[in-house]
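**Student:** Hey, dropping start-v1.tsv in here, TSV, C-alpha atoms:
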```
chain	number	residue	atom	x	y	z
A	81	MET	CA	-11.06	8.78	8.65
A	82	LYS	CA	-11.05	11.08	5.69
A	83	ILE	CA	-9.96	9.15	2.62
A	84	ASP	CA	-9.86	10.86	-0.74
A	85	GLU	CA	-9.95	8.86	-3.95
A	86	GLU	CA	-9.09	10.03	-7.41
A	87	ASN	CA	-9.16	8.12	-10.65
A	88	ASP	CA	-6.25	8.88	-12.93
A	89	GLY	CA	-6.53	6.73	-16.00
A	90	ASN	CA	-6.08	3.15	-14.86
A	91	LEU	CA	-4.65	4.33	-11.57
A	92	LEU	CA	-6.72	4.91	-8.44
A	93	VAL	CA	-5.03	7.29	-6.04
A	94	VAL	CA	-6.17	6.73	-2.46
A	95	LYS	CA	-5.22	9.37	0.07
A	96	PRO	CA	-5.88	8.71	3.77
A	97	VAL	CA	-5.59	11.68	6.10
A	98	GLY	CA	-4.52	11.39	9.73
A	99	LYS	CA	-3.55	8.44	11.91
A	100	LEU	CA	-3.61	4.82	10.83
A	101	ASP	CA	-4.29	3.08	14.11
A	102	SER	CA	-6.84	0.68	15.57
A	103	VAL	CA	-9.58	3.28	15.12
A	104	HIS	CA	-8.86	4.45	11.59
A	105	GLY	CA	-6.90	1.58	10.08
A	106	PRO	CA	-10.10	-0.37	9.36
A	107	ASP	CA	-11.39	2.61	7.34
A	108	LEU	CA	-8.45	2.38	4.96
A	109	GLU	CA	-8.81	-1.38	4.80
A	110	LYS	CA	-12.45	-0.96	3.80
A	111	ALA	CA	-11.52	1.63	1.18
A	112	ILE	CA	-8.90	-0.64	-0.38
A	113	LEU	CA	-11.21	-3.65	-0.40
A	114	GLY	CA	-14.00	-1.54	-1.83
A	115	ALA	CA	-11.76	-0.33	-4.64
A	116	TRP	CA	-10.75	-3.91	-5.33
A	117	GLU	CA	-14.32	-5.08	-5.54
A	118	ARG	CA	-15.08	-2.30	-8.02
A	119	GLY	CA	-12.32	-3.65	-10.23
A	120	ASP	CA	-9.59	-1.10	-9.45
A	121	ARG	CA	-6.43	-3.21	-9.51
A	122	THR	CA	-3.72	-0.54	-9.65
A	123	LEU	CA	-3.73	1.52	-6.50
A	124	LEU	CA	-1.44	4.31	-5.38
A	125	LEU	CA	-1.58	5.09	-1.68
A	126	ASP	CA	-0.68	8.75	-1.18
A	127	MET	CA	0.70	8.81	2.35
A	128	SER	CA	1.57	12.51	2.42
A	129	GLU	CA	-0.98	13.26	5.14
A	130	VAL	CA	-0.61	10.15	7.27
A	131	THR	CA	1.12	11.29	10.43
A	132	TYR	CA	1.19	8.08	12.46
A	133	ILE	CA	0.93	4.35	11.98
A	134	SER	CA	0.50	1.60	14.54
A	135	SER	CA	0.63	-2.17	14.29
A	136	ARG	CA	-3.03	-2.21	13.33
A	137	GLY	CA	-2.45	0.29	10.56
A	138	LEU	CA	0.49	-1.69	9.28
A	139	ARG	CA	-1.67	-4.80	8.98
A	140	VAL	CA	-3.82	-3.02	6.42
A	141	PHE	CA	-0.80	-2.80	4.13
A	142	LEU	CA	0.18	-6.42	4.68
A	143	LEU	CA	-3.33	-7.56	3.82
A	144	GLY	CA	-3.34	-5.28	0.79
A	145	ALA	CA	0.00	-6.56	-0.45
A	146	LYS	CA	-1.14	-10.15	-0.01
A	147	LYS	CA	-4.35	-9.54	-1.89
A	148	ALA	CA	-2.61	-7.69	-4.70
A	149	LYS	CA	-0.06	-10.44	-5.19
A	150	ALA	CA	-2.67	-13.19	-5.07
A	151	GLU	CA	-5.06	-11.49	-7.48
A	152	GLY	CA	-2.69	-9.90	-9.95
A	153	GLY	CA	-3.04	-6.31	-8.79
A	154	LYS	CA	-0.54	-3.68	-7.73
A	155	ILE	CA	-0.40	-1.38	-4.75
A	156	SER	CA	2.23	1.34	-4.69
A	157	ILE	CA	2.98	3.89	-2.02
A	158	CYS	CA	4.26	7.45	-2.15
A	159	ALA	CA	5.20	10.40	0.03
A	160	LEU	CA	5.82	8.58	3.29
A	161	GLN	CA	6.39	10.88	6.22
A	162	GLU	CA	9.53	10.22	8.23
A	163	PHE	CA	7.92	8.46	11.21
A	164	VAL	CA	5.83	6.23	8.97
A	165	ARG	CA	8.77	5.47	6.72
A	166	GLU	CA	10.76	4.36	9.75
A	167	VAL	CA	8.01	1.91	10.73
A	168	PHE	CA	7.81	0.58	7.17
A	169	ASP	CA	11.57	0.17	7.06
A	170	LEU	CA	11.76	-1.69	10.40
A	171	SER	CA	8.97	-3.99	9.30
A	172	GLY	CA	10.50	-4.78	5.93
A	173	PHE	CA	7.56	-3.19	4.13
A	174	LEU	CA	9.68	-1.01	1.88
A	175	THR	CA	10.47	-4.19	-0.06
A	176	LEU	CA	6.82	-5.25	-0.30
A	177	PHE	CA	5.74	-2.26	-2.35
A	178	ASP	CA	7.03	0.14	-4.99
A	179	VAL	CA	7.68	3.25	-2.93
A	180	PHE	CA	7.96	6.69	-4.48
A	181	GLU	CA	9.06	9.97	-2.97
A	182	SER	CA	6.18	11.98	-4.36
A	183	VAL	CA	2.79	11.61	-5.96
A	184	ALA	CA	4.06	13.18	-9.17
A	185	GLU	CA	6.90	10.71	-9.46
A	186	ALA	CA	4.54	7.84	-8.73
A	187	ARG	CA	1.97	8.96	-11.29
A	188	LYS	CA	4.63	9.36	-13.93
A	189	SER	CA	6.02	5.91	-13.24
A	190	LEU	CA	2.67	4.16	-12.99
A	191	GLY	CA	1.25	5.78	-16.10
A	192	GLY	CA	-1.13	8.19	-14.49
A	193	GLY	CA	-2.19	11.07	-16.71
A	194	THR	CA	-3.26	14.13	-14.86
A	195	ALA	CA	-2.78	15.74	-11.62
A	196	SER	CA	-1.51	17.28	-8.59
A	197	GLY	CA	1.76	16.32	-7.06
A	198	CYS	CA	3.01	16.51	-3.49
B	328	MET	CA	-11.11	-20.75	13.94
B	329	LEU	CA	-8.69	-21.64	16.71
B	330	THR	CA	-7.01	-18.92	18.74
B	331	LEU	CA	-3.25	-18.43	18.63
B	332	VAL	CA	-3.11	-19.94	22.14
B	333	GLU	CA	-4.75	-23.13	20.86
B	334	GLU	CA	-2.65	-23.28	17.70
B	335	THR	CA	0.57	-22.80	19.67
B	336	LEU	CA	-0.42	-25.59	22.05
B	337	LEU	CA	-1.19	-27.94	19.15
B	338	LEU	CA	2.16	-27.23	17.55
B	339	ALA	CA	3.88	-27.87	20.88
B	340	LEU	CA	2.29	-31.31	21.35
B	341	ASP	CA	3.62	-34.60	20.03
B	342	ASP	CA	0.63	-35.97	18.09
B	343	GLN	CA	1.17	-39.61	18.99
B	344	SER	CA	2.31	-39.54	22.59
B	345	GLY	CA	0.27	-36.52	23.60
B	346	ASN	CA	3.23	-35.17	25.56
B	347	PHE	CA	4.71	-31.77	24.96
B	348	HIS	CA	7.84	-31.59	22.84
B	349	PRO	CA	11.03	-31.13	24.90
B	350	LEU	CA	11.15	-27.35	24.58
B	351	PRO	CA	13.49	-24.97	26.40
B	352	GLU	CA	12.33	-24.55	29.97
B	353	TYR	CA	9.58	-21.94	30.46
B	354	SER	CA	9.45	-21.20	26.72
B	355	LEU	CA	5.94	-22.59	26.31
B	356	PRO	CA	4.35	-20.72	29.25
B	357	LEU	CA	5.98	-17.51	28.06
B	358	ALA	CA	4.87	-18.11	24.47
B	359	LEU	CA	1.31	-18.82	25.59
B	360	GLY	CA	1.32	-15.51	27.44
B	361	GLY	CA	2.52	-13.88	24.23
B	362	ALA	CA	-0.19	-15.72	22.31
B	363	VAL	CA	-2.87	-14.25	24.56
B	364	LEU	CA	-1.57	-10.73	24.00
B	365	MET	CA	-1.34	-11.33	20.27
B	366	ASP	CA	-4.84	-12.79	20.16
B	367	LEU	CA	-6.05	-9.62	21.87
B	368	ALA	CA	-4.15	-7.50	19.35
B	369	LEU	CA	-5.63	-9.35	16.38
B	370	GLN	CA	-9.06	-8.75	17.89
B	371	ASP	CA	-8.26	-5.02	18.08
B	372	LYS	CA	-8.11	-4.91	21.88
B	373	LEU	CA	-4.40	-4.04	21.97
B	374	ASP	CA	-2.31	-2.01	19.57
B	375	SER	CA	1.33	-1.04	19.44
B	376	ASP	CA	3.76	1.36	17.84
B	377	LEU	CA	7.48	1.98	18.11
B	378	GLN	CA	7.03	3.31	21.65
B	379	GLY	CA	5.15	0.36	23.06
B	380	MET	CA	1.81	-1.38	23.52
B	381	MET	CA	-1.51	0.04	24.62
B	382	VAL	CA	-5.01	-1.14	25.42
B	383	VAL	CA	-7.48	0.30	22.92
B	384	ASP	CA	-10.74	-1.51	23.72
B	385	THR	CA	-11.73	-3.49	26.80
B	386	THR	CA	-15.13	-4.71	25.61
B	387	PRO	CA	-15.29	-8.44	26.47
B	388	LEU	CA	-15.03	-10.96	23.65
B	389	GLY	CA	-16.96	-13.81	25.25
B	390	ASP	CA	-13.76	-15.84	25.47
B	391	ASP	CA	-12.87	-17.46	28.81
B	392	ILE	CA	-9.12	-17.09	28.27
B	393	LEU	CA	-8.91	-13.65	26.67
B	394	ASP	CA	-11.60	-11.90	28.73
B	395	PRO	CA	-9.97	-12.42	32.19
B	396	VAL	CA	-6.73	-11.03	30.84
B	397	LEU	CA	-8.56	-8.14	29.19
B	398	ALA	CA	-10.30	-7.39	32.46
B	399	HIS	CA	-6.95	-7.24	34.24
B	400	LEU	CA	-5.63	-4.94	31.53
B	401	ARG	CA	-8.56	-2.58	32.03
B	402	GLY	CA	-7.42	0.42	34.02
B	403	THR	CA	-3.79	-0.44	33.62
B	404	GLU	CA	-1.10	2.06	32.75
B	405	ALA	CA	-1.45	3.90	29.45
B	406	ARG	CA	1.50	2.06	27.94
B	407	LEU	CA	1.81	-1.62	28.77
B	408	GLN	CA	5.05	-3.17	29.85
B	409	PRO	CA	5.00	-6.34	27.72
B	410	ARG	CA	7.67	-8.04	29.80
B	411	THR	CA	5.67	-7.63	33.00
B	412	TRP	CA	2.55	-9.02	31.40
B	413	LEU	CA	4.35	-11.91	29.76
B	414	MET	CA	5.76	-12.93	33.16
B	415	ARG	CA	2.38	-12.59	34.85
B	416	LEU	CA	0.64	-14.65	32.22
B	417	ALA	CA	3.38	-17.27	32.07
B	418	ARG	CA	3.11	-17.91	35.82
B	419	THR	CA	-0.56	-18.80	35.61
B	420	GLU	CA	-1.81	-22.24	34.69
B	421	PHE	CA	-5.25	-21.26	33.53
B	422	ILE	CA	-4.29	-20.30	29.99
B	423	LYS	CA	-2.85	-23.70	29.16
B	424	GLU	CA	-5.46	-25.60	31.15
B	425	ARG	CA	-8.43	-23.84	29.60
B	426	ALA	CA	-7.02	-24.09	26.10
B	427	LEU	CA	-6.48	-27.83	26.55
B	428	VAL	CA	-10.06	-28.21	27.83
B	429	ARG	CA	-11.30	-26.39	24.73
B	430	LEU	CA	-9.24	-28.53	22.37
B	431	VAL	CA	-10.55	-31.68	24.06
B	432	GLY	CA	-14.08	-30.30	23.85
B	433	ARG	CA	-13.69	-29.70	20.12
B	434	GLY	CA	-12.64	-33.29	19.60
B	435	ILE	CA	-9.13	-32.31	18.52
B	436	LEU	CA	-7.32	-33.83	21.53
B	437	ARG	CA	-8.06	-36.69	23.86
B	438	ARG	CA	-7.13	-36.39	27.50
B	439	GLU	CA	-5.41	-39.40	29.01
B	440	GLN	CA	-4.50	-39.79	32.63
B	441	LYS	CA	-1.52	-41.99	33.26
B	442	ARG	CA	-0.25	-43.31	36.55
B	443	VAL	CA	3.44	-43.72	37.06
B	444	LEU	CA	4.52	-46.21	39.71
B	445	TRP	CA	0.84	-46.44	40.75
B	446	VAL	CA	1.15	-43.10	42.44
B	447	PHE	CA	1.91	-40.11	40.35
B	448	GLY	CA	-0.54	-39.05	37.71
B	449	SER	CA	0.45	-37.43	34.50
B	450	ARG	CA	-1.76	-36.22	31.76
B	451	ARG	CA	-1.17	-36.34	28.11
B	452	TYR	CA	-3.14	-35.17	25.11
B	453	PRO	CA	-2.80	-37.26	21.96
B	454	VAL	CA	-4.23	-35.68	18.83
B	455	ILE	CA	-7.36	-37.36	17.49
B	456	ASP	CA	-8.23	-34.87	14.76
B	457	ASP	CA	-5.16	-33.30	13.23
B	458	ARG	CA	-6.82	-31.11	10.60
B	459	GLU	CA	-6.42	-27.83	12.49
B	460	GLU	CA	-2.81	-28.60	13.31
B	461	ARG	CA	-2.06	-29.55	9.71
B	462	GLU	CA	-3.67	-26.35	8.50
B	463	ALA	CA	-1.56	-24.25	10.88
B	464	LYS	CA	1.62	-26.04	9.81
B	465	LEU	CA	0.71	-25.67	6.15
B	466	ARG	CA	0.23	-21.92	6.55
B	467	ILE	CA	3.63	-21.66	8.18
B	468	LEU	CA	5.34	-23.82	5.55
B	469	GLU	CA	3.77	-21.95	2.64
B	470	VAL	CA	5.21	-18.73	3.99
B	471	LEU	CA	8.63	-19.99	5.05
B	472	LEU	CA	9.35	-22.24	2.07
B	473	GLY	CA	7.89	-19.98	-0.59
B	474	ASP	CA	7.56	-16.30	-1.25
B	475	GLU	CA	3.95	-16.12	-0.17
B	476	ILE	CA	3.08	-12.87	1.56
B	477	PRO	CA	1.76	-13.93	4.96
B	478	ASP	CA	-1.43	-12.75	6.56
B	479	PRO	CA	-0.94	-11.01	9.94
B	480	ARG	CA	-2.19	-14.02	11.88
B	481	THR	CA	0.39	-16.32	10.32
B	482	VAL	CA	3.13	-13.74	10.96
B	483	VAL	CA	2.44	-13.75	14.69
B	484	LEU	CA	2.09	-17.55	14.76
B	485	ILE	CA	5.56	-17.77	13.22
B	486	CYS	CA	6.80	-15.33	15.88
B	487	LEU	CA	5.38	-17.60	18.59
B	488	ALA	CA	6.82	-20.74	17.01
B	489	ASP	CA	10.20	-19.02	16.87
B	490	ALA	CA	9.88	-17.87	20.48
B	491	CYS	CA	9.48	-21.41	21.80
B	492	SER	CA	11.75	-23.15	19.31
B	493	LEU	CA	9.06	-25.19	17.57
B	494	PHE	CA	10.53	-25.18	14.07
B	495	PRO	CA	12.39	-28.51	14.45
B	496	TRP	CA	8.91	-30.10	14.72
B	497	ILE	CA	7.45	-28.14	11.84
B	498	LEU	CA	10.25	-28.14	9.27
B	499	SER	CA	12.46	-30.94	8.03
B	500	PRO	CA	16.14	-30.97	9.08
B	501	GLN	CA	17.05	-30.10	5.48
B	502	ASP	CA	14.75	-27.07	5.36
B	503	LEU	CA	15.58	-25.64	8.77
B	504	PRO	CA	18.90	-23.96	8.02
B	505	ALA	CA	17.62	-22.63	4.70
B	506	VAL	CA	14.75	-20.66	6.18
B	507	SER	CA	16.45	-18.73	8.98
B	508	ASP	CA	16.68	-15.55	6.88
B	509	ARG	CA	13.07	-15.96	5.83
B	510	ILE	CA	11.99	-16.41	9.46
B	511	HIS	CA	13.83	-13.23	10.38
B	512	HIS	CA	12.20	-11.37	7.48
B	513	VAL	CA	8.68	-12.57	8.29
B	514	THR	CA	8.87	-11.97	12.04
B	515	ARG	CA	9.59	-8.30	11.36
B	516	MET	CA	6.28	-7.84	9.60
B	517	ASP	CA	4.09	-7.26	12.64
B	518	LEU	CA	5.08	-4.71	15.29
B	519	ILE	CA	3.43	-6.59	18.13
B	520	GLY	CA	4.76	-9.95	16.96
B	521	ARG	CA	8.22	-8.49	16.65
B	522	LYS	CA	8.06	-6.88	20.08
B	523	MET	CA	6.74	-10.05	21.70
B	524	LEU	CA	9.45	-12.17	20.09
B	525	LYS	CA	12.19	-9.85	21.33
B	526	GLU	CA	10.74	-9.76	24.85
B	527	LEU	CA	10.32	-13.55	24.91
B	528	ARG	CA	13.91	-14.08	23.79
B	529	ASP	CA	15.17	-11.60	26.42
B	530	LEU	CA	13.10	-13.33	29.10
B	531	HIS	CA	14.54	-16.74	28.15
B	532	GLU	CA	18.00	-15.28	28.59
B	533	SER	CA	17.05	-13.81	31.96
B	534	VAL	CA	15.46	-17.05	33.15
B	535	ASN	CA	18.59	-18.96	32.17
B	536	HIS	CA	20.71	-16.60	34.23
B	537	VAL	CA	18.68	-15.87	37.34
B	538	GLY	CA	15.99	-18.54	37.35
B	539	TRP	CA	12.22	-18.36	37.04
B	540	TRP	CA	11.45	-16.62	40.31
B	541	GLY	CA	14.37	-14.28	40.07
B	542	ILE	CA	12.65	-12.01	37.63
B	543	GLY	CA	9.42	-10.10	37.48
B	544	ASP	CA	6.73	-9.83	40.13
B	545	ALA	CA	3.92	-11.90	41.54
B	546	THR	CA	0.81	-12.70	39.61
B	547	ASP	CA	-1.72	-10.86	41.78
B	548	GLY	CA	-4.98	-12.35	40.77
B	549	LEU	CA	-4.17	-14.14	37.58
B	550	ALA	CA	-2.49	-17.07	39.36
B	551	SER	CA	-5.64	-19.00	40.08
B	552	GLY	CA	-7.10	-18.20	36.73
B	553	SER	CA	-10.06	-16.72	38.48
B	554	ASN	CA	-11.98	-13.99	36.84
B	555	PRO	CA	-11.37	-10.63	38.48
```
For the structure just supplied, provide its representation as structure tokens.

**Tutor:**
Amino acid sequence: MKIDEENDGNLLVVKPVGKLDSVHGPDLEKAILGAWERGDRTLLLDMSEVTYISSRGLRVFLLGAKKAKAEGGKISICALQEFVREVFDLSGFLTLFDVFESVAEARKSLGGGTASGC
Amino acid sequence: MLTLVEETLLLALDDQSGNFHPLPEYSLPLALGGAVLMDLALQDKLDSDLQGMMVVDTTPLGDDILDPVLAHLRGTEARLQPRTWLMRLARTEFIKERALVRLVGRGILRREQKRVLWVFGSRRYPVIDDREEREAKLRILEVLLGDEIPDPRTVVLICLADACSLFPWILSPQDLPAVSDRIHHVTRMDLIGRKMLKELRDLHESVNHVGWWGIGDATDGLASGSNP
């Protein structure tokens, strides 16, 4: 799965592209864990190009939220597409994360400096 | 690590007597069927979305409970009908029997054969090493009594415990009413767990109305627990 990463001050913006399912979900999981191990503790997941999410993809977010809470980090989410937002809502995940409508709004709120918005 | 099938069985057993708790009829076989499907999902063999469940990988795991089911799932329809599979799995004995054999083999349970009136035999499985059971209960309690974010495995275990009404044996009478909202919140967190819980509840309703053999179809091959 293509996953772009961009450092913006203390914020790491992680942008997966495509479907978060049993094939590609583990790629995002690896990216998040890798960022964590490098010491990036404030992550923004830009979901603007995620078109589909399955149960397996959802588990990546649950594991991420658990890790962030346990280790004093923060994972925020922005730009959910409608289908993905519906899955998050049904699963109660909209209350697990700070969710923003756009990247620009998220960066502004999280103290990011530069960059492109959605 | 124990499978969800084994953990569910441990939670369903009375530690001292080795008998199963008096659960609603058929709830344990149905929950064990759900546990198999959820074990397969956690091992990335099944996946699900809002439209349903699908098989994503049929490579064997080397597990004598999960692999026969996986083999039967191979070549099945693109989207699984969870209800059909839950009924098929619930009507077989091999899941429970093999899981009990494994738990005895690990030294967690002891198998006792008891004769009643010198004729009828009954088996029971007192717990001899309760560490795994305590660990499973602790995981559940930490999530339900606190604000701990659960891991996916604990989410689906809570779904299974809910499906076969095990909470009276996990939580105190004082805690039970206080956690119902929390149980509802947690059981939403996994799409497969959520789907299984809904199907299991619907099946309990159906069984209560039309009886066990009034619903679903025959087991075709899974009944004997034989490998395909």

**Student:** Once you count only C-alpha atoms, which residues of chain A turn out to be within 8 Å of chain B? Could you give them as a list in words?

**Tutor:**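 Listed by rising number, the hits are Asp101, Ser102, Ile133, Ser134, Ser135, Arg136, Leu138, Arg139, Leu142, Leu143, Ala145, Lys146, Lys149, Val167, Leu170, Ser171, Gly172 and Phe173 of chain A.
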
**Student:** Output C-alpha atoms of each residue in that selection to a file, as a PDB file, in the coordinates of the input.

**Tutor:**
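New file selection09.pdb:
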```
ATOM      1  CA  ASP A 101      -4.290   3.080  14.110  1.00  0.00           C
ATOM      2  CA  SER A 102      -6.840   0.680  15.570  1.00  0.00           C
ATOM      3  CA  ILE A 133       0.930   4.350  11.980  1.00  0.00           C
ATOM      4  CA  SER A 134       0.500   1.600  14.540  1.00  0.00           C
ATOM      5  CA  SER A 135       0.630  -2.170  14.290  1.00  0.00           C
ATOM      6  CA  ARG A 136      -3.030  -2.210  13.330  1.00  0.00           C
ATOM      7  CA  LEU A 138       0.490  -1.690   9.280  1.00  0.00           C
ATOM      8  CA  ARG A 139      -1.670  -4.800   8.980  1.00  0.00           C
ATOM      9  CA  LEU A 142       0.180  -6.420   4.680  1.00  0.00           C
ATOM     10  CA  LEU A 143      -3.330  -7.560   3.820  1.00  0.00           C
ATOM     11  CA  ALA A 145       0.000  -6.560  -0.450  1.00  0.00           C
ATOM     12  CA  LYS A 146      -1.140 -10.150  -0.010  1.00  0.00           C
ATOM     13  CA  LYS A 149      -0.060 -10.440  -5.190  1.00  0.00           C
ATOM     14  CA  VAL A 167       8.010   1.910  10.730  1.00  0.00           C
ATOM     15  CA  LEU A 170      11.760  -1.690  10.400  1.00  0.00           C
ATOM     16  CA  SER A 171       8.970  -3.990   9.300  1.00  0.00           C
ATOM     17  CA  GLY A 172      10.500  -4.780   5.930  1.00  0.00           C
ATOM     18  CA  PHE A 173       7.560  -3.190   4.130  1.00  0.00           C
TER      19      PHE A 173
END
```

**Student:** Using all atoms listed in the file, which residue out of B:Asp474, B:Lys522, B:Asn346, B:Asp508 lies closest to Ala150 (chain A)?

**Tutor:**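 Using all atoms listed in the file, Ala150 (chain A) sits closest to B:Asp474.
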
**Student:** In Å, how far is it from CA of Asn90 (chain A) to CA of Thr122 (chain A)?

**Tutor:**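 One can read the CA of Asn90 (chain A) to CA of Thr122 (chain A) distance as 6.8 Å.
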
**Student:** Work out how far CA of Met365 (chain B) is from CA of Thr411 (chain B), in Å to one decimal.

**Tutor:**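 Spanning CA of Thr411 (chain B) to CA of Met365 (chain B) is a straight-line distance of 15.0 Å.
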
**Student:** Between CA of Pro106 (chain A) and CA of Met81 (chain A), measure the distance and give it in Å to one decimal.

**Tutor:**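 It comes out at 9.2 Å.
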
**Student:** Which residues are close to Glu462 (chain B), i.e. within 12 Å by all atoms listed in the file, leaving aside same-chain residues fewer than 4 positions away? Reply as a list of chain:residue names.

**Tutor:** B:Met328, B:Leu329, B:Glu334, B:Leu337, B:Leu338, B:Asp456, B:Asp457, B:Arg458, B:Arg466, B:Ile467, B:Leu468, B:Glu469, B:Thr481, B:Ile497

**Student:** Write a file of the just-selected residues containing C-alpha atoms, as an mmCIF file, in the coordinates of the input.

**Tutor:**
```
data_model
loop_
_atom_site.group_PDB
_atom_site.id
_atom_site.type_symbol
_atom_site.label_atom_id
_atom_site.label_comp_id
_atom_site.auth_asym_id
_atom_site.auth_seq_id
_atom_site.Cartn_x
_atom_site.Cartn_y
_atom_site.Cartn_z
ATOM 1 C CA MET B 328 -11.110 -20.750 13.940
ATOM 2 C CA LEU B 329 -8.690 -21.640 16.710
ATOM 3 C CA GLU B 334 -2.650 -23.280 17.700
ATOM 4 C CA LEU B 337 -1.190 -27.940 19.150
ATOM 5 C CA LEU B 338 2.160 -27.230 17.550
ATOM 6 C CA ASP B 456 -8.230 -34.870 14.760
ATOM 7 C CA ASP B 457 -5.160 -33.300 13.230
ATOM 8 C CA ARG B 458 -6.820 -31.110 10.600
ATOM 9 C CA ARG B 466 0.230 -21.920 6.550
ATOM 10 C CA ILE B 467 3.630 -21.660 8.180
ATOM 11 C CA LEU B 468 5.340 -23.820 5.550
ATOM 12 C CA GLU B 469 3.770 -21.950 2.640
ATOM 13 C CA THR B 481 0.390 -16.320 10.320
ATOM 14 C CA ILE B 497 7.450 -28.140 11.840
#
```

**Student:** Between B:Leu498, B:Thr403, B:Lys423, B:Asp394, single out the one closest to Leu465 (chain B), counting only C-alpha atoms.

**Tutor:**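 Among the listed residues, B:Leu498 lies closest to Leu465 (chain B).
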
**Student:** Do a neighbour search on Val454 (chain B) at 12 Å with all atoms listed in the file, toss out local chain neighbours closer than 5 positions, and write the hits as an mmCIF file with C-alpha atoms, in the frame of the given file.

**Tutor:**
```cif
data_model
loop_
_atom_site.group_PDB
_atom_site.id
_atom_site.type_symbol
_atom_site.label_atom_id
_atom_site.label_comp_id
_atom_site.auth_asym_id
_atom_site.auth_seq_id
_atom_site.Cartn_x
_atom_site.Cartn_y
_atom_site.Cartn_z
ATOM 1 C CA LEU B 336 -0.420 -25.590 22.050
ATOM 2 C CA LEU B 337 -1.190 -27.940 19.150
ATOM 3 C CA LEU B 338 2.160 -27.230 17.550
ATOM 4 C CA ALA B 339 3.880 -27.870 20.880
ATOM 5 C CA LEU B 340 2.290 -31.310 21.350
ATOM 6 C CA ASP B 341 3.620 -34.600 20.030
ATOM 7 C CA ASP B 342 0.630 -35.970 18.090
ATOM 8 C CA GLN B 343 1.170 -39.610 18.990
ATOM 9 C CA SER B 344 2.310 -39.540 22.590
ATOM 10 C CA GLY B 345 0.270 -36.520 23.600
ATOM 11 C CA ASN B 346 3.230 -35.170 25.560
ATOM 12 C CA PHE B 347 4.710 -31.770 24.960
ATOM 13 C CA LEU B 427 -6.480 -27.830 26.550
ATOM 14 C CA LEU B 430 -9.240 -28.530 22.370
ATOM 15 C CA VAL B 431 -10.550 -31.680 24.060
ATOM 16 C CA ARG B 433 -13.690 -29.700 20.120
ATOM 17 C CA GLY B 434 -12.640 -33.290 19.600
ATOM 18 C CA ILE B 435 -9.130 -32.310 18.520
ATOM 19 C CA LEU B 436 -7.320 -33.830 21.530
ATOM 20 C CA ARG B 437 -8.060 -36.690 23.860
ATOM 21 C CA ARG B 438 -7.130 -36.390 27.500
ATOM 22 C CA GLU B 439 -5.410 -39.400 29.010
ATOM 23 C CA GLU B 459 -6.420 -27.830 12.490
ATOM 24 C CA GLU B 460 -2.810 -28.600 13.310
ATOM 25 C CA ARG B 461 -2.060 -29.550 9.710
#
```

**Student:** Could you pull out every residue with an atom within 8 Å of (8.7, -19.8, 21.0), file coordinates, counting all atoms listed in the file, and send them as a list in words?

**Tutor:**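 Applying the cut-off with all atoms listed in the file, one gets Ser354, Leu355, Leu357, Ala358, Cys486, Leu487, Ala488, Asp489, Ala490, Cys491, Ser492, Leu493, Leu524 and Leu527 of chain B.
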
**Student:** Could you pull the residues within 12 Å of Glu151 (chain A), counting all atoms listed in the file, minus those fewer than 4 positions along the same chain, as a list in words?

**Tutor:** Trp116, Glu117, Gly119, Asp120, Arg121, Thr122, Gly144, Ala145, Lys146, Lys147 and Ile155 of chain A

**Student:** Report the centre and edge lengths, in Å to one decimal, of an axis-aligned box enclosing every atom of region 341-344 of chain B listed in the file, padded by 6 Å on each side, as JSON.

**Tutor:**
```
{"center_x": 2.1, "center_y": -37.1, "center_z": 20.3, "size_x": 15.0, "size_y": 17.0, "size_z": 16.5}
```

**Student:** I'd like the neighbourhood of Ser156 (chain A) as a VMD selection string, where a residue qualifies if any of its atoms comes within 6 Å (using all atoms listed in the file), though same-chain residues fewer than 3 positions away should be ignored.

**Tutor:** chain A and resid 124 177 to 178

**Student:** Find the residues near Thr385 (chain B): any atom within 8 Å, counting all atoms listed in the file, skip ones fewer than 4 places away on the same chain, and give them as a PDB file with C-alpha atoms, in the frame of the given file.

**Tutor:**
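Final output, out.pdb:
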```pdb
ATOM      1  CA  LYS B 372      -8.110  -4.910  21.880  1.00  0.00           C
ATOM      2  CA  LEU B 397      -8.560  -8.140  29.190  1.00  0.00           C
ATOM      3  CA  ALA B 398     -10.300  -7.390  32.460  1.00  0.00           C
ATOM      4  CA  LEU B 400      -5.630  -4.940  31.530  1.00  0.00           C
ATOM      5  CA  ARG B 401      -8.560  -2.580  32.030  1.00  0.00           C
TER       6      ARG B 401
END
```

**Student:** So, counting all atoms listed in the file, which residue among A:Gly89, A:Glu129, A:Ala111, A:Leu190 is closest to Val164 (chain A)?

**Tutor:** A:Glu129
